[in-house]
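The file coords_3.txt comes next; it holds compact mmCIF, N, CA and C atoms.
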# COMPACT_ATOMS: atom_id res chain seq x y z
N MET A 1 -10.43 0.00 -18.35
CA MET A 1 -9.45 1.04 -18.07
C MET A 1 -9.58 1.56 -16.65
N ALA A 2 -10.79 1.63 -16.14
CA ALA A 2 -10.99 2.13 -14.78
C ALA A 2 -10.34 1.22 -13.75
N LEU A 3 -10.38 -0.09 -13.99
CA LEU A 3 -9.76 -1.04 -13.06
C LEU A 3 -8.26 -0.81 -12.98
N LYS A 4 -7.64 -0.55 -14.11
CA LYS A 4 -6.20 -0.30 -14.13
C LYS A 4 -5.85 0.95 -13.32
N LYS A 5 -6.66 2.00 -13.44
CA LYS A 5 -6.40 3.22 -12.68
C LYS A 5 -6.57 2.99 -11.18
N ILE A 6 -7.62 2.25 -10.80
CA ILE A 6 -7.83 1.94 -9.38
C ILE A 6 -6.66 1.13 -8.84
N ASN A 7 -6.23 0.13 -9.59
CA ASN A 7 -5.10 -0.70 -9.16
C ASN A 7 -3.82 0.11 -9.05
N THR A 8 -3.61 1.01 -9.99
CA THR A 8 -2.40 1.84 -9.97
C THR A 8 -2.39 2.77 -8.76
N VAL A 9 -3.51 3.41 -8.49
CA VAL A 9 -3.59 4.32 -7.34
C VAL A 9 -3.43 3.55 -6.04
N LEU A 10 -4.08 2.40 -5.93
CA LEU A 10 -3.97 1.60 -4.72
C LEU A 10 -2.55 1.10 -4.50
N THR A 11 -1.91 0.64 -5.56
CA THR A 11 -0.53 0.17 -5.45
C THR A 11 0.41 1.32 -5.09
N ALA A 12 0.22 2.48 -5.73
CA ALA A 12 1.05 3.64 -5.40
C ALA A 12 0.87 4.03 -3.93
N ALA A 13 -0.35 3.94 -3.42
CA ALA A 13 -0.59 4.23 -2.00
C ALA A 13 0.15 3.23 -1.12
N PHE A 14 0.15 1.95 -1.51
CA PHE A 14 0.92 0.95 -0.75
C PHE A 14 2.40 1.28 -0.76
N VAL A 15 2.92 1.62 -1.92
CA VAL A 15 4.35 1.95 -2.03
C VAL A 15 4.69 3.10 -1.08
N LEU A 16 3.91 4.17 -1.13
CA LEU A 16 4.20 5.34 -0.29
C LEU A 16 4.03 5.02 1.19
N PHE A 17 2.98 4.29 1.54
CA PHE A 17 2.72 3.94 2.94
C PHE A 17 3.83 3.06 3.50
N ILE A 18 4.19 2.02 2.76
CA ILE A 18 5.22 1.09 3.24
C ILE A 18 6.57 1.79 3.31
N LEU A 19 6.87 2.62 2.33
CA LEU A 19 8.13 3.38 2.32
C LEU A 19 8.19 4.33 3.51
N TRP A 20 7.10 5.03 3.76
CA TRP A 20 7.04 5.97 4.89
C TRP A 20 7.21 5.23 6.22
N PHE A 21 6.45 4.15 6.39
CA PHE A 21 6.50 3.41 7.65
C PHE A 21 7.88 2.80 7.86
N GLY A 22 8.46 2.23 6.81
CA GLY A 22 9.81 1.66 6.92
C GLY A 22 10.86 2.70 7.25
N THR A 23 10.75 3.85 6.62
CA THR A 23 11.70 4.94 6.88
C THR A 23 11.60 5.41 8.33
N GLU A 24 10.38 5.46 8.85
CA GLU A 24 10.22 5.85 10.26
C GLU A 24 10.88 4.84 11.20
N PHE A 25 10.78 3.55 10.89
CA PHE A 25 11.42 2.53 11.72
C PHE A 25 12.94 2.66 11.67
N ILE A 26 13.47 3.14 10.57
CA ILE A 26 14.92 3.33 10.47
C ILE A 26 15.36 4.60 11.20
N LEU A 27 14.64 5.70 11.00
CA LEU A 27 15.06 7.00 11.53
C LEU A 27 14.63 7.26 12.97
N ILE A 28 13.40 6.88 13.33
CA ILE A 28 12.90 7.15 14.68
C ILE A 28 12.17 5.93 15.25
N PRO A 29 12.90 4.82 15.44
CA PRO A 29 12.26 3.59 15.90
C PRO A 29 11.60 3.73 17.27
N GLU A 30 12.15 4.56 18.13
CA GLU A 30 11.58 4.72 19.48
C GLU A 30 10.19 5.34 19.45
N THR A 31 9.91 6.13 18.43
CA THR A 31 8.60 6.75 18.28
C THR A 31 7.64 5.84 17.52
N THR A 32 8.15 5.13 16.54
CA THR A 32 7.32 4.31 15.67
C THR A 32 7.00 2.95 16.27
N ALA A 33 7.91 2.38 17.01
CA ALA A 33 7.74 1.02 17.53
C ALA A 33 6.45 0.80 18.31
N PRO A 34 6.03 1.74 19.17
CA PRO A 34 4.79 1.50 19.90
C PRO A 34 3.55 1.36 19.01
N THR A 35 3.61 1.88 17.80
CA THR A 35 2.45 1.77 16.91
C THR A 35 2.37 0.41 16.22
N PHE A 36 3.40 -0.42 16.37
CA PHE A 36 3.44 -1.72 15.71
C PHE A 36 2.48 -2.71 16.37
N GLY A 37 2.24 -2.54 17.66
CA GLY A 37 1.28 -3.39 18.34
C GLY A 37 1.86 -4.33 19.38
N LEU A 38 3.19 -4.37 19.51
CA LEU A 38 3.80 -5.24 20.51
C LEU A 38 3.71 -4.58 21.89
N PRO A 39 3.62 -5.41 22.95
CA PRO A 39 3.37 -4.86 24.28
C PRO A 39 4.56 -4.17 24.95
N SER A 40 5.79 -4.48 24.52
CA SER A 40 6.93 -3.88 25.21
C SER A 40 8.05 -3.55 24.24
N TRP A 41 8.90 -2.63 24.68
CA TRP A 41 10.07 -2.21 23.92
C TRP A 41 11.13 -3.30 24.00
N PRO A 42 11.87 -3.58 22.93
CA PRO A 42 12.92 -4.60 22.99
C PRO A 42 13.98 -4.24 24.03
N SER A 43 14.47 -5.24 24.73
CA SER A 43 15.48 -4.98 25.76
C SER A 43 16.89 -5.11 25.18
N GLY A 44 17.85 -4.52 25.87
CA GLY A 44 19.25 -4.59 25.45
C GLY A 44 19.45 -3.99 24.08
N ASP A 45 20.11 -4.75 23.21
CA ASP A 45 20.37 -4.29 21.84
C ASP A 45 19.24 -4.68 20.88
N GLY A 46 18.11 -5.09 21.42
CA GLY A 46 16.99 -5.52 20.58
C GLY A 46 16.43 -4.44 19.70
N GLY A 47 16.70 -3.18 20.04
CA GLY A 47 16.21 -2.08 19.21
C GLY A 47 16.72 -2.13 17.78
N GLY A 48 17.84 -2.80 17.56
CA GLY A 48 18.38 -2.95 16.21
C GLY A 48 17.44 -3.70 15.28
N PHE A 49 16.64 -4.59 15.86
CA PHE A 49 15.69 -5.33 15.04
C PHE A 49 14.61 -4.43 14.45
N LEU A 50 14.37 -3.32 15.11
CA LEU A 50 13.40 -2.36 14.57
C LEU A 50 13.93 -1.74 13.27
N VAL A 51 15.23 -1.49 13.23
CA VAL A 51 15.84 -0.97 12.02
C VAL A 51 15.80 -2.03 10.92
N VAL A 52 16.02 -3.30 11.29
CA VAL A 52 15.91 -4.38 10.32
C VAL A 52 14.51 -4.43 9.72
N LYS A 53 13.51 -4.25 10.56
CA LYS A 53 12.13 -4.22 10.08
C LYS A 53 11.93 -3.05 9.13
N GLY A 54 12.51 -1.91 9.46
CA GLY A 54 12.41 -0.74 8.60
C GLY A 54 13.06 -0.97 7.25
N VAL A 55 14.24 -1.57 7.25
CA VAL A 55 14.93 -1.86 5.99
C VAL A 55 14.09 -2.83 5.16
N ARG A 56 13.52 -3.85 5.81
CA ARG A 56 12.66 -4.80 5.10
C ARG A 56 11.51 -4.06 4.42
N ASP A 57 10.86 -3.18 5.15
CA ASP A 57 9.72 -2.45 4.59
C ASP A 57 10.13 -1.56 3.42
N VAL A 58 11.26 -0.89 3.55
CA VAL A 58 11.74 -0.02 2.46
C VAL A 58 12.01 -0.87 1.21
N VAL A 59 12.63 -2.03 1.38
CA VAL A 59 12.91 -2.89 0.23
C VAL A 59 11.61 -3.39 -0.40
N LEU A 60 10.64 -3.79 0.43
CA LEU A 60 9.34 -4.23 -0.10
C LEU A 60 8.69 -3.13 -0.92
N ALA A 61 8.75 -1.90 -0.42
CA ALA A 61 8.16 -0.77 -1.14
C ALA A 61 8.88 -0.50 -2.45
N LEU A 62 10.20 -0.57 -2.43
CA LEU A 62 10.97 -0.31 -3.66
C LEU A 62 10.70 -1.35 -4.74
N VAL A 63 10.56 -2.61 -4.34
CA VAL A 63 10.24 -3.65 -5.33
C VAL A 63 8.90 -3.36 -5.98
N LEU A 64 7.89 -3.03 -5.18
CA LEU A 64 6.58 -2.69 -5.74
C LEU A 64 6.68 -1.46 -6.64
N GLY A 65 7.41 -0.44 -6.18
CA GLY A 65 7.56 0.79 -6.95
C GLY A 65 8.22 0.56 -8.29
N ILE A 66 9.26 -0.25 -8.31
CA ILE A 66 9.96 -0.53 -9.57
C ILE A 66 9.04 -1.25 -10.55
N LEU A 67 8.30 -2.24 -10.07
CA LEU A 67 7.38 -2.96 -10.95
C LEU A 67 6.26 -2.05 -11.45
N LEU A 68 5.80 -1.17 -10.59
CA LEU A 68 4.74 -0.23 -10.98
C LEU A 68 5.24 0.75 -12.05
N VAL A 69 6.40 1.32 -11.83
CA VAL A 69 6.94 2.33 -12.75
C VAL A 69 7.33 1.72 -14.09
N THR A 70 7.84 0.49 -14.08
CA THR A 70 8.28 -0.14 -15.33
C THR A 70 7.14 -0.81 -16.08
N GLY A 71 5.96 -0.86 -15.48
CA GLY A 71 4.80 -1.39 -16.18
C GLY A 71 4.69 -2.91 -16.20
N HIS A 72 5.39 -3.59 -15.35
CA HIS A 72 5.31 -5.04 -15.28
C HIS A 72 4.11 -5.44 -14.41
N ARG A 73 2.93 -5.27 -14.97
CA ARG A 73 1.68 -5.41 -14.21
C ARG A 73 1.47 -6.81 -13.67
N ARG A 74 1.69 -7.83 -14.46
CA ARG A 74 1.46 -9.20 -14.00
C ARG A 74 2.41 -9.54 -12.85
N ALA A 75 3.68 -9.19 -13.00
CA ALA A 75 4.64 -9.43 -11.92
C ALA A 75 4.26 -8.62 -10.68
N LEU A 76 3.75 -7.43 -10.88
CA LEU A 76 3.30 -6.59 -9.77
C LEU A 76 2.19 -7.28 -8.99
N GLY A 77 1.25 -7.89 -9.70
CA GLY A 77 0.18 -8.63 -9.04
C GLY A 77 0.72 -9.77 -8.20
N TRP A 78 1.65 -10.54 -8.77
CA TRP A 78 2.25 -11.65 -8.03
C TRP A 78 3.01 -11.17 -6.81
N VAL A 79 3.77 -10.10 -6.97
CA VAL A 79 4.57 -9.60 -5.84
C VAL A 79 3.67 -9.06 -4.73
N LEU A 80 2.59 -8.41 -5.08
CA LEU A 80 1.64 -7.96 -4.05
C LEU A 80 1.11 -9.15 -3.26
N LEU A 81 0.79 -10.23 -3.96
CA LEU A 81 0.31 -11.43 -3.28
C LEU A 81 1.37 -12.00 -2.33
N VAL A 82 2.59 -12.04 -2.79
CA VAL A 82 3.68 -12.59 -1.96
C VAL A 82 4.01 -11.66 -0.79
N GLU A 83 4.09 -10.36 -1.06
CA GLU A 83 4.46 -9.41 0.00
C GLU A 83 3.39 -9.31 1.08
N ALA A 84 2.17 -9.70 0.78
CA ALA A 84 1.12 -9.71 1.80
C ALA A 84 1.49 -10.63 2.95
N PHE A 85 2.30 -11.66 2.67
CA PHE A 85 2.74 -12.56 3.74
C PHE A 85 3.56 -11.83 4.80
N ALA A 86 4.26 -10.78 4.43
CA ALA A 86 5.02 -10.00 5.42
C ALA A 86 4.05 -9.34 6.40
N ALA A 87 2.96 -8.77 5.89
CA ALA A 87 1.98 -8.14 6.77
C ALA A 87 1.23 -9.17 7.61
N TYR A 88 0.90 -10.32 7.01
CA TYR A 88 0.28 -11.39 7.80
C TYR A 88 1.25 -11.90 8.86
N GLY A 89 2.53 -11.94 8.52
CA GLY A 89 3.56 -12.33 9.50
C GLY A 89 3.65 -11.34 10.64
N ASP A 90 3.55 -10.05 10.32
CA ASP A 90 3.54 -9.03 11.37
C ASP A 90 2.33 -9.21 12.29
N MET A 91 1.18 -9.52 11.70
CA MET A 91 -0.02 -9.76 12.49
C MET A 91 0.20 -10.95 13.43
N ALA A 92 0.74 -12.04 12.89
CA ALA A 92 0.98 -13.24 13.70
C ALA A 92 1.98 -12.95 14.82
N THR A 93 2.99 -12.14 14.53
CA THR A 93 3.99 -11.79 15.54
C THR A 93 3.35 -11.02 16.68
N VAL A 94 2.54 -10.04 16.35
CA VAL A 94 1.86 -9.25 17.38
C VAL A 94 0.96 -10.14 18.23
N LEU A 95 0.20 -11.01 17.59
CA LEU A 95 -0.71 -11.89 18.34
C LEU A 95 0.06 -12.91 19.18
N ALA A 96 1.14 -13.46 18.64
CA ALA A 96 1.92 -14.47 19.36
C ALA A 96 2.64 -13.89 20.58
N HIS A 97 2.91 -12.60 20.57
CA HIS A 97 3.61 -11.96 21.68
C HIS A 97 2.67 -11.14 22.56
N HIS A 98 1.39 -11.51 22.52
CA HIS A 98 0.36 -10.90 23.38
C HIS A 98 0.27 -9.39 23.21
N GLY A 99 0.39 -8.96 21.96
CA GLY A 99 0.27 -7.54 21.64
C GLY A 99 -1.17 -7.15 21.43
N SER A 100 -1.35 -5.98 20.89
CA SER A 100 -2.68 -5.42 20.66
C SER A 100 -3.41 -6.18 19.55
N VAL A 101 -4.52 -6.81 19.92
CA VAL A 101 -5.34 -7.52 18.94
C VAL A 101 -5.92 -6.52 17.93
N ALA A 102 -6.29 -5.35 18.40
CA ALA A 102 -6.84 -4.33 17.52
C ALA A 102 -5.82 -3.92 16.45
N THR A 103 -4.57 -3.74 16.84
CA THR A 103 -3.54 -3.37 15.88
C THR A 103 -3.23 -4.54 14.96
N ALA A 104 -3.16 -5.75 15.51
CA ALA A 104 -2.87 -6.93 14.70
C ALA A 104 -3.90 -7.10 13.59
N LEU A 105 -5.18 -6.96 13.96
CA LEU A 105 -6.24 -7.16 12.98
C LEU A 105 -6.54 -5.89 12.17
N GLY A 106 -6.58 -4.75 12.85
CA GLY A 106 -6.98 -3.50 12.20
C GLY A 106 -5.90 -2.88 11.34
N VAL A 107 -4.65 -3.18 11.61
CA VAL A 107 -3.57 -2.62 10.80
C VAL A 107 -2.94 -3.71 9.92
N HIS A 108 -2.33 -4.71 10.57
CA HIS A 108 -1.55 -5.70 9.82
C HIS A 108 -2.44 -6.61 8.96
N CYS A 109 -3.49 -7.18 9.56
CA CYS A 109 -4.36 -8.08 8.80
C CYS A 109 -5.11 -7.33 7.69
N LEU A 110 -5.60 -6.15 8.02
CA LEU A 110 -6.32 -5.36 7.02
C LEU A 110 -5.40 -4.98 5.86
N THR A 111 -4.18 -4.55 6.19
CA THR A 111 -3.21 -4.19 5.15
C THR A 111 -2.92 -5.39 4.26
N ALA A 112 -2.66 -6.54 4.88
CA ALA A 112 -2.35 -7.74 4.10
C ALA A 112 -3.51 -8.14 3.21
N THR A 113 -4.71 -8.07 3.74
CA THR A 113 -5.89 -8.47 2.98
C THR A 113 -6.13 -7.54 1.80
N VAL A 114 -5.95 -6.25 2.00
CA VAL A 114 -6.11 -5.30 0.90
C VAL A 114 -5.00 -5.52 -0.14
N MET A 115 -3.80 -5.86 0.30
CA MET A 115 -2.72 -6.18 -0.64
C MET A 115 -3.09 -7.39 -1.49
N VAL A 116 -3.66 -8.41 -0.86
CA VAL A 116 -4.10 -9.59 -1.61
C VAL A 116 -5.17 -9.21 -2.62
N LEU A 117 -6.15 -8.43 -2.19
CA LEU A 117 -7.21 -8.00 -3.10
C LEU A 117 -6.65 -7.19 -4.26
N ASN A 118 -5.72 -6.29 -3.96
CA ASN A 118 -5.08 -5.48 -5.00
C ASN A 118 -4.32 -6.37 -5.97
N GLY A 119 -3.57 -7.33 -5.43
CA GLY A 119 -2.84 -8.27 -6.29
C GLY A 119 -3.76 -9.08 -7.17
N LEU A 120 -4.87 -9.56 -6.60
CA LEU A 120 -5.84 -10.33 -7.39
C LEU A 120 -6.50 -9.47 -8.45
N MET A 121 -6.79 -8.21 -8.12
CA MET A 121 -7.40 -7.32 -9.12
C MET A 121 -6.43 -7.06 -10.26
N ILE A 122 -5.14 -6.94 -9.96
CA ILE A 122 -4.15 -6.75 -11.03
C ILE A 122 -4.05 -8.01 -11.87
N MET A 123 -4.11 -9.18 -11.24
CA MET A 123 -4.08 -10.43 -11.99
C MET A 123 -5.32 -10.51 -12.91
N PHE A 124 -6.47 -10.09 -12.41
CA PHE A 124 -7.70 -10.05 -13.19
C PHE A 124 -7.56 -9.07 -14.35
N GLU A 125 -6.98 -7.91 -14.05
CA GLU A 125 -6.79 -6.87 -15.06
C GLU A 125 -5.90 -7.36 -16.20
N THR A 126 -4.90 -8.16 -15.88
CA THR A 126 -3.91 -8.58 -16.88
C THR A 126 -4.22 -9.92 -17.52
N ARG A 127 -5.32 -10.56 -17.14
CA ARG A 127 -5.61 -11.91 -17.65
C ARG A 127 -5.79 -11.93 -19.16
N ASN A 128 -6.42 -10.93 -19.74
CA ASN A 128 -6.63 -10.90 -21.19
C ASN A 128 -5.33 -10.72 -21.95
N ALA A 129 -4.43 -9.92 -21.42
CA ALA A 129 -3.13 -9.71 -22.07
C ALA A 129 -2.33 -11.00 -22.09
N VAL A 130 -2.41 -11.77 -21.01
CA VAL A 130 -1.68 -13.04 -20.95
C VAL A 130 -2.31 -14.04 -21.91
N ALA A 131 -3.63 -14.08 -21.98
CA ALA A 131 -4.32 -15.02 -22.86
C ALA A 131 -4.02 -14.75 -24.33
N THR A 132 -3.98 -13.49 -24.71
CA THR A 132 -3.74 -13.15 -26.12
C THR A 132 -2.28 -13.29 -26.51
N SER A 133 -1.37 -13.21 -25.54
CA SER A 133 0.05 -13.33 -25.88
C SER A 133 0.54 -14.76 -25.77
N GLY A 134 -0.32 -15.67 -25.39
CA GLY A 134 0.11 -17.05 -25.25
C GLY A 134 0.55 -17.36 -23.83
N GLY A 135 0.60 -16.35 -22.99
CA GLY A 135 0.87 -16.55 -21.57
C GLY A 135 2.32 -16.64 -21.16
N THR A 136 3.21 -17.04 -22.06
CA THR A 136 4.59 -17.23 -21.62
C THR A 136 5.60 -16.45 -22.44
N ARG A 137 5.16 -15.80 -23.50
CA ARG A 137 6.10 -15.05 -24.33
C ARG A 137 6.57 -13.78 -23.65
N PRO A 138 7.84 -13.45 -23.78
CA PRO A 138 8.31 -12.18 -23.19
C PRO A 138 7.71 -11.00 -23.92
N ALA A 139 7.61 -9.88 -23.23
CA ALA A 139 7.02 -8.67 -23.81
C ALA A 139 7.91 -8.09 -24.91
N VAL A 140 9.20 -8.31 -24.83
CA VAL A 140 10.13 -7.74 -25.79
C VAL A 140 10.86 -8.91 -26.46
N ARG A 141 10.90 -8.89 -27.76
CA ARG A 141 11.63 -9.92 -28.48
C ARG A 141 13.03 -9.40 -28.82
N LEU A 142 14.00 -10.24 -28.59
CA LEU A 142 15.37 -9.88 -28.92
C LEU A 142 15.64 -10.16 -30.39
N ALA A 143 16.38 -9.27 -31.02
CA ALA A 143 16.72 -9.45 -32.43
C ALA A 143 17.74 -10.56 -32.56
N ARG A 144 17.56 -11.37 -33.58
CA ARG A 144 18.54 -12.43 -33.83
C ARG A 144 19.71 -11.84 -34.62
N ILE A 145 20.89 -12.21 -34.20
CA ILE A 145 22.09 -11.74 -34.89
C ILE A 145 22.54 -12.84 -35.83
N ARG A 146 22.66 -12.49 -37.10
CA ARG A 146 23.07 -13.48 -38.09
C ARG A 146 24.57 -13.36 -38.32
N PRO A 147 25.25 -14.51 -38.38
CA PRO A 147 26.71 -14.46 -38.61
C PRO A 147 27.08 -14.05 -40.00
The structure given in the file should be rewritten as structure tokens.
Amino acid sequence: MALKKINTVLTAAFVLFILWFGTEFILIPETTAPTFGLPSWPSGDGGGFLVVKGVRDVVLALVLGILLVTGHRRALGWVLLVEAFAAYGDMATVLAHHGSVATALGVHCLTATVMVLNGLMIMFETRNAVATSGGTRPAVRLARIRP
């Protein structure tokens, strides 16, 4: 039971953090962008991509939040594992564009790695439920309608 609580708190923290960060990129990109780790501000109309990044982050947070609230723990674990690629991608982007190595590793890589660990812990937490249910049966059975 303690593992489930730790996973829930950690996932809720991810949801709030990603939602907050994404919202900042949408509302105040000029203030938030320098914290991303890239060496320069986008030129011309490139600032619009910051809003795209913000929308991406908000959607990632909402997907995690929905799975957390609805109790789909196994799917939540898988989605955390998959969404970690976004943070690893952010790290690679910062490094490829000669940005801050400290931010790339200390923010993006660390976030992605903790997401992977959280996802794996949720998969570990739910392994017994999957084994006892046969692994592929849906959680809810639909009633058969007889003619």
Report task. Go through chain A and collect every residue that DSSP, computed from the backbone, puts in helix (DSSP H, G or I); the answer should be as an MDAnalysis selection string. Result -> chainID A and resid 2:27 29:36 44:70 73:96 101:133
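Computed from the coordinates, the atom N of Trp41 in chain A to CA of Thr23 in chain A distance equals 19.5 Å.
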Query raised in the report: From the set A:Ala13, A:Ala2, A:Ala86, A:Leu120, which residue has the shortest atom-to-atom contact distance to Arg74 in chain A, counting only C-alpha atoms?
Result: A:Leu120
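Closest approach to Glu83 in chain A among A:Leu60, A:Leu16, A:Gly37, A:Gly65 is made by A:Leu60 (distances from all atoms listed in the file).
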Query raised in the report: Which of these, A:Val15, A:Ser100, A:Ile122, A:Leu27, has the shortest distance to Trp78 in chain A once you count all atoms listed in the file?
Result: A:Ile122
Query - Atom-to-atom span, CA of Thr35 in chain A and CA of Ala112 in chain A, Å - result: 16.7 Å
Query raised in the report: Hey, which of A:Gly119, A:Gly22, A:Pro29, A:Gly44 ends up closest to Ile6 in chain A? Count only C-alpha atoms.
Result: A:Gly119
Report task. Find the spatial neighbours of Ala84 in chain A, counting all atoms listed in the file, within a cut-off of 8 Å - ignore same-chain residues fewer than 5 positions away - and output them as a list in words. Result -> Trp78, Val79, Gly89, Asp90, Thr111, Ala112, Thr113, Val114, Met115 and Val116 of chain A
